[in-house]
>>> print(open('target_28.cif').read())   # mmCIF, C-alpha atoms
data_start
#
loop_
_atom_site.label_atom_id
_atom_site.label_comp_id
_atom_site.auth_asym_id
_atom_site.auth_seq_id
_atom_site.Cartn_x
_atom_site.Cartn_y
_atom_site.Cartn_z
CA MET A 1 0.98 -20.53 -22.04
CA VAL A 2 1.01 -19.43 -18.39
CA MET A 3 4.19 -17.39 -18.90
CA ARG A 4 2.75 -15.84 -22.05
CA THR A 5 -0.50 -14.89 -20.27
CA ALA A 6 1.44 -13.34 -17.39
CA ALA A 7 3.56 -11.34 -19.82
CA MET A 8 0.43 -10.10 -21.62
CA ARG A 9 -1.06 -8.97 -18.31
CA GLN A 10 2.10 -7.04 -17.46
CA ALA A 11 2.20 -5.45 -20.91
CA THR A 12 -1.46 -4.39 -20.61
CA LEU A 13 -0.89 -2.78 -17.23
CA GLY A 14 2.26 -1.06 -18.44
CA SER A 15 0.47 0.44 -21.45
CA MET A 16 -2.34 1.78 -19.26
CA ILE A 17 -0.16 3.50 -16.70
CA GLY A 18 3.15 3.96 -18.47
CA ALA A 19 2.61 7.73 -18.58
CA THR A 20 2.58 7.86 -14.80
CA THR A 21 6.08 8.41 -13.42
CA VAL A 22 5.66 6.51 -10.18
CA LEU A 23 4.18 3.48 -11.94
CA GLY A 24 6.94 3.51 -14.55
CA ALA A 25 9.51 3.40 -11.78
CA LEU A 26 7.64 0.62 -10.00
CA VAL A 27 7.33 -1.54 -13.08
CA ALA A 28 11.02 -1.09 -13.90
CA ALA A 29 12.08 -1.90 -10.34
CA LEU A 30 9.90 -4.99 -10.16
CA ALA A 31 11.04 -6.20 -13.55
CA SER A 32 14.70 -5.82 -12.60
CA SER A 33 14.09 -7.89 -9.46
CA GLY A 34 12.59 -10.74 -11.47
CA VAL A 35 8.96 -10.12 -10.53
CA SER A 36 6.98 -10.45 -13.74
CA THR A 37 3.51 -11.42 -12.52
CA PHE A 38 2.71 -8.78 -9.94
CA VAL A 39 -0.86 -8.29 -11.24
CA GLY A 40 -3.32 -11.16 -11.30
CA GLY A 41 -3.02 -14.39 -9.35
CA LEU A 42 -0.78 -14.77 -6.32
CA LEU A 43 2.63 -13.16 -6.24
CA PRO A 44 5.19 -15.94 -5.81
CA GLY A 45 7.25 -13.46 -3.79
CA LEU A 46 8.95 -14.08 -0.51
CA TRP A 47 7.34 -11.68 1.93
CA ARG A 48 4.61 -11.50 4.53
CA HIS A 49 3.67 -9.02 7.23
CA SER A 50 4.09 -9.70 10.92
CA SER A 51 3.51 -7.58 14.01
CA HIS A 52 7.20 -6.68 13.85
CA GLY A 53 7.19 -5.21 10.33
CA ARG A 54 8.48 -6.79 7.11
CA THR A 55 9.54 -10.42 7.33
CA SER A 56 10.58 -12.93 4.70
CA LEU A 57 9.00 -16.22 3.72
CA ALA A 58 10.71 -19.31 2.41
CA ALA A 59 10.50 -19.63 -1.36
CA GLY A 60 7.20 -21.08 -2.47
CA ALA A 61 5.56 -20.72 0.95
CA GLU A 62 1.92 -19.67 1.00
CA PRO A 63 0.06 -18.13 3.95
CA ALA A 64 -2.76 -20.25 5.33
CA VAL A 65 -6.14 -18.78 4.40
CA PRO A 66 -8.52 -18.62 7.39
CA ALA A 67 -12.13 -19.52 6.72
CA ARG A 68 -13.28 -15.93 7.24
CA ALA A 69 -10.61 -14.45 4.96
CA SER A 70 -11.54 -14.03 1.34
CA LEU A 71 -9.02 -11.65 -0.22
CA VAL A 72 -5.29 -11.65 -0.87
CA LEU A 73 -3.68 -8.26 -0.25
CA LYS A 74 -0.24 -7.31 -1.62
CA VAL A 75 1.54 -3.96 -1.29
CA LEU A 76 4.62 -3.51 -3.50
CA THR A 77 7.15 -0.67 -3.74
CA PRO A 78 10.26 -0.17 -5.90
CA GLU A 79 12.30 -1.53 -2.97
CA GLY A 80 10.25 -4.75 -2.92
CA PRO A 81 7.15 -6.26 -1.31
CA VAL A 82 5.98 -4.53 1.88
CA LEU A 83 2.87 -6.50 2.78
CA ARG A 84 1.37 -9.81 1.69
CA THR A 85 -1.47 -11.35 3.67
CA VAL A 86 -5.00 -12.71 3.52
CA VAL A 87 -7.77 -10.40 4.71
CA GLU A 88 -11.52 -10.07 4.99
CA GLN A 89 -11.89 -6.51 3.72
CA VAL A 90 -9.77 -3.61 2.44
CA SER A 91 -10.40 0.14 2.45
CA LEU A 92 -8.17 2.04 0.00
CA PRO A 93 -7.38 5.79 0.04
CA GLY A 94 -8.59 6.57 -3.47
CA VAL A 95 -7.86 9.99 -4.95
CA GLU A 96 -11.60 10.79 -5.02
CA GLY A 97 -12.58 9.06 -1.78
CA ARG A 98 -12.18 5.72 -0.05
CA LEU A 99 -12.64 2.48 -1.99
CA ASP A 100 -14.01 -0.44 0.02
CA ILE A 101 -13.18 -3.87 -1.39
CA LEU A 102 -14.93 -7.10 -0.42
CA LYS A 103 -14.89 -10.60 -1.86
CA GLY A 104 -16.27 -10.71 -5.39
CA HIS A 105 -15.49 -7.07 -6.21
CA ALA A 106 -15.47 -6.26 -9.92
CA PRO A 107 -12.00 -5.95 -11.54
CA LEU A 108 -10.58 -2.43 -11.55
CA ILE A 109 -7.39 -0.38 -11.70
CA ALA A 110 -7.57 2.84 -9.69
CA PRO A 111 -5.13 5.59 -8.64
CA ILE A 112 -4.35 5.73 -4.93
CA GLY A 113 -3.59 8.93 -3.06
CA ILE A 114 -1.48 9.58 0.01
CA GLY A 115 -3.31 8.10 2.96
CA VAL A 116 -4.00 5.04 5.08
CA LEU A 117 -4.86 1.68 3.57
CA ARG A 118 -6.94 -0.18 6.17
CA TYR A 119 -7.33 -3.93 6.05
CA LYS A 120 -9.46 -6.19 8.22
CA LYS A 121 -7.68 -9.35 9.38
CA ASP A 122 -9.03 -11.78 11.99
CA GLY A 123 -11.78 -9.30 12.80
CA GLU A 124 -9.42 -6.36 13.47
CA TRP A 125 -8.60 -3.33 11.34
CA LEU A 126 -4.90 -2.67 10.71
CA PRO A 127 -3.19 0.24 8.90
CA CYS A 128 -0.64 0.58 6.14
CA CYS A 129 0.48 4.06 5.05
CA ILE A 130 0.46 4.47 1.28
CA PHE A 131 2.25 7.40 -0.32
CA GLY A 132 0.65 7.40 -3.76
CA GLY A 133 0.36 4.75 -6.45
CA TYR A 134 -2.20 2.45 -8.08
CA ALA A 135 -4.36 -0.47 -7.01
CA SER A 136 -5.37 -3.46 -9.11
CA VAL A 137 -8.36 -5.59 -8.07
CA GLY A 138 -9.31 -8.90 -9.65
CA ASN A 139 -9.96 -12.56 -8.81
CA ASN A 140 -10.30 -11.70 -5.10
CA ALA A 141 -6.76 -10.31 -5.04
CA ILE A 142 -5.73 -6.70 -4.40
CA THR A 143 -2.31 -5.52 -5.57
CA VAL A 144 -1.18 -2.04 -4.56
CA LEU A 145 1.80 -0.53 -6.42
CA ALA A 146 3.01 2.31 -4.21
CA GLY A 147 5.81 4.83 -4.54
CA ASP A 148 6.49 4.15 -0.86
CA ALA A 149 4.67 2.62 2.11
CA ALA A 150 4.98 2.11 5.87
CA VAL A 151 3.64 -0.82 7.87
CA GLY A 152 4.09 -2.36 11.32
CA ASP A 153 7.06 -0.94 13.22
CA GLU A 154 7.72 1.50 10.38
CA ILE A 155 4.69 3.49 11.55
CA PRO A 156 5.81 6.00 14.20
CA SER A 157 4.30 6.47 17.66
CA ILE A 158 1.52 9.02 18.13
CA TYR A 159 4.03 11.36 19.77
CA ASP A 160 6.51 11.17 16.89
CA ALA A 161 3.74 11.34 14.27
CA THR A 162 2.28 14.45 15.92
CA LYS A 163 5.72 16.07 15.96
CA GLN A 164 6.19 15.28 12.26
CA LEU A 165 2.77 16.76 11.49
CA ASP A 166 3.64 19.98 13.35
CA GLU A 167 6.93 20.25 11.46
CA ALA A 168 5.18 19.67 8.12
CA THR A 169 2.57 22.32 8.96
CA HIS A 170 5.32 24.81 9.82
CA ALA A 171 7.19 23.98 6.60
CA LEU A 172 4.08 24.61 4.51
CA ALA A 173 3.46 27.95 6.22
CA ASN A 174 7.02 29.03 5.41
CA ALA A 175 7.23 27.63 1.88
CA GLY A 176 8.23 30.27 -0.62
CA THR A 177 8.26 28.94 -4.18
CA LYS A 178 5.49 26.97 -5.87
CA TYR A 179 7.70 23.88 -5.85
CA GLU A 180 8.36 24.22 -2.12
CA LYS A 181 4.64 24.55 -1.46
CA LEU A 182 3.86 21.40 -3.47
CA GLN A 183 6.56 19.47 -1.63
CA ALA A 184 5.32 20.76 1.73
CA LYS A 185 1.72 19.81 0.93
CA ASP A 186 2.77 16.25 0.06
CA GLU A 187 4.77 15.96 3.28
CA LEU A 188 1.80 17.29 5.25
CA LYS A 189 -0.41 14.58 3.72
CA LYS A 190 2.17 11.91 4.56
CA SER A 191 2.48 13.15 8.14
CA SER A 192 -1.29 13.14 8.51
CA ALA A 193 -1.43 9.56 7.21
CA ARG A 194 1.25 8.47 9.69
CA LEU A 195 -0.70 10.03 12.56
CA GLN A 196 -3.93 8.32 11.48
CA ALA A 197 -2.14 4.98 11.26
CA ALA A 198 -0.42 5.49 14.63
CA THR A 199 -3.76 6.33 16.25
CA LEU A 200 -5.34 3.17 14.84
CA LEU A 201 -2.46 1.04 16.10
CA ALA A 202 -2.46 2.69 19.53
CA GLY A 203 -6.12 1.80 19.97
CA LYS A 204 -5.20 -1.90 19.80
CA LYS A 205 -2.57 -1.81 22.56
#
>>> encode(input="target_28.cif", output="structure tokens")
Amino acid sequence: MVMRTAAMRQATLGSMIGATTVLGALVAALASSGVSTFVGGLLPGLWRHSSHGRTSLAAGAEPAVPARASLVLKVLTPEGPVLRTVVEQVSLPGVEGRLDILKGHAPLIAPIGIGVLRYKKDGEWLPCCIFGGYASVGNNAITVLAGDAAVGDEIPSIYDATKQLDEATHALANAGTKYEKLQAKDELKKSSARLQAATLLAGKK
């Protein structure tokens, strides 16, 4: 019954977002890696986030939930889990504005733009760059399916992020075709997100 319920959840999500290219790729990648219950409940995956970036957990291990924490946050990409931790609050870069999630939030599935996902852990706000995707909220768990993401040491320094932003701005100014302009705009958004994340991290050092 549990396996059947999990399969139904996956099928429902797939039917809702199957027309979206990035989500189709994510679902296919996750399915091929044996992850079949990435929405709803806790992912039995093998990853957690540390101050040094992406680190693995022993099979079946679960992070301890501090008293103040009330949400489980998971960020998944086609390459695998990027972030899995317990948090107090999450602020998502929605396509029409930021989405703030607290304990007891109503279930939802929402598109996520290119930007910085901020999560509050142990009283501090931490960043995770999200480069487009979807977020699922339910049962005090937040699952983000992203085309790509950057967290921890994958986020560049302010110096490097500023350099990347300058290069992206120059590329947009010199873009010729419509396709080149669209690509340059996306890269500009990604560079801006990296700089925001780097600034947030730098303020904690």
>>> resolve_selection(input="target_28.cif", expression="the PyMOL selection byres ((chain A and resi 167-176) around 10)", output="number ranges by chain")
A: 161-166, 177-192
>>> atom_distance(input="target_28.cif", atom1="CA of Ala193 (chain A)", atom2="CA of Leu108 (chain A)")
24.1 Å
>>> resolve_selection(input="target_28.cif", expression="the PyMOL selection byres ((chain A and resi 146) around 7)", output="PyMOL selection string")
chain A and resi 76-77+130-134+144-145+147-149
>>> residues_near_point(input="target_28.cif", point="(-7.2, 2.2, -9.5)", cutoff="7 Å", atoms="only C-alpha atoms", output="list in words")
Leu108, Ile109, Ala110, Pro111, Ile112, Tyr134, Ala135 and Ser136 of chain A
>>> atom_distance(input="target_28.cif", atom1="CA of Leu126 (chain A)", atom2="CA of Arg98 (chain A)")
15.5 Å
>>> closest_residue(input="target_28.cif", among="A:Ala198, A:Leu73, A:Leu99, A:Cys129", to="Ile142 (chain A)", atoms="only C-alpha atoms")
A:Leu73
>>> atom_distance(input="target_28.cif", atom1="CA of Gln196 (chain A)", atom2="CA of Gly138 (chain A)")
27.8 Å
>>> closest_residue(input="target_28.cif", among="A:Leu83, A:Asn139, A:Asp122, A:Asp100", to="Gly152 (chain A)", atoms="all atoms listed in the file")
A:Leu83
>>> closest_residue(input="target_28.cif", among="A:Val95, A:Ala106, A:Ile155, A:Ala141", to="Pro127 (chain A)", atoms="all atoms listed in the file")
A:Ile155
>>> resolve_selection(input="target_28.cif", expression="the PyMOL selection byres ((chain A and resi 92) around 9)", output="list in words")
Val90, Ser91, Pro93, Gly94, Gly97, Arg98, Leu99, Asp100, Ile101, Ile112, Gly113, Gly115, Val116, Leu117, Arg118, Tyr119 and Ala135 of chain A
>>> residues_around(input="target_28.cif", residues="Lys121 (chain A)", least_positions_apart="6", cutoff="8 Å", atoms="only C-alpha atoms", output="list in words")
Ala69, Val86, Val87, Glu88 and Gln89 of chain A
>>> write_last_selection(input="target_28.cif", atoms="C-alpha atoms", output="PDB file, in the coordinates of the input")
ATOM      1  CA  ALA A  69     -10.610 -14.450   4.960  1.00  0.00           C
ATOM      2  CA  VAL A  86      -5.000 -12.710   3.520  1.00  0.00           C
ATOM      3  CA  VAL A  87      -7.770 -10.400   4.710  1.00  0.00           C
ATOM      4  CA  GLU A  88     -11.520 -10.070   4.990  1.00  0.00           C
ATOM      5  CA  GLN A  89     -11.890  -6.510   3.720  1.00  0.00           C
TER       6      GLN A  89
END
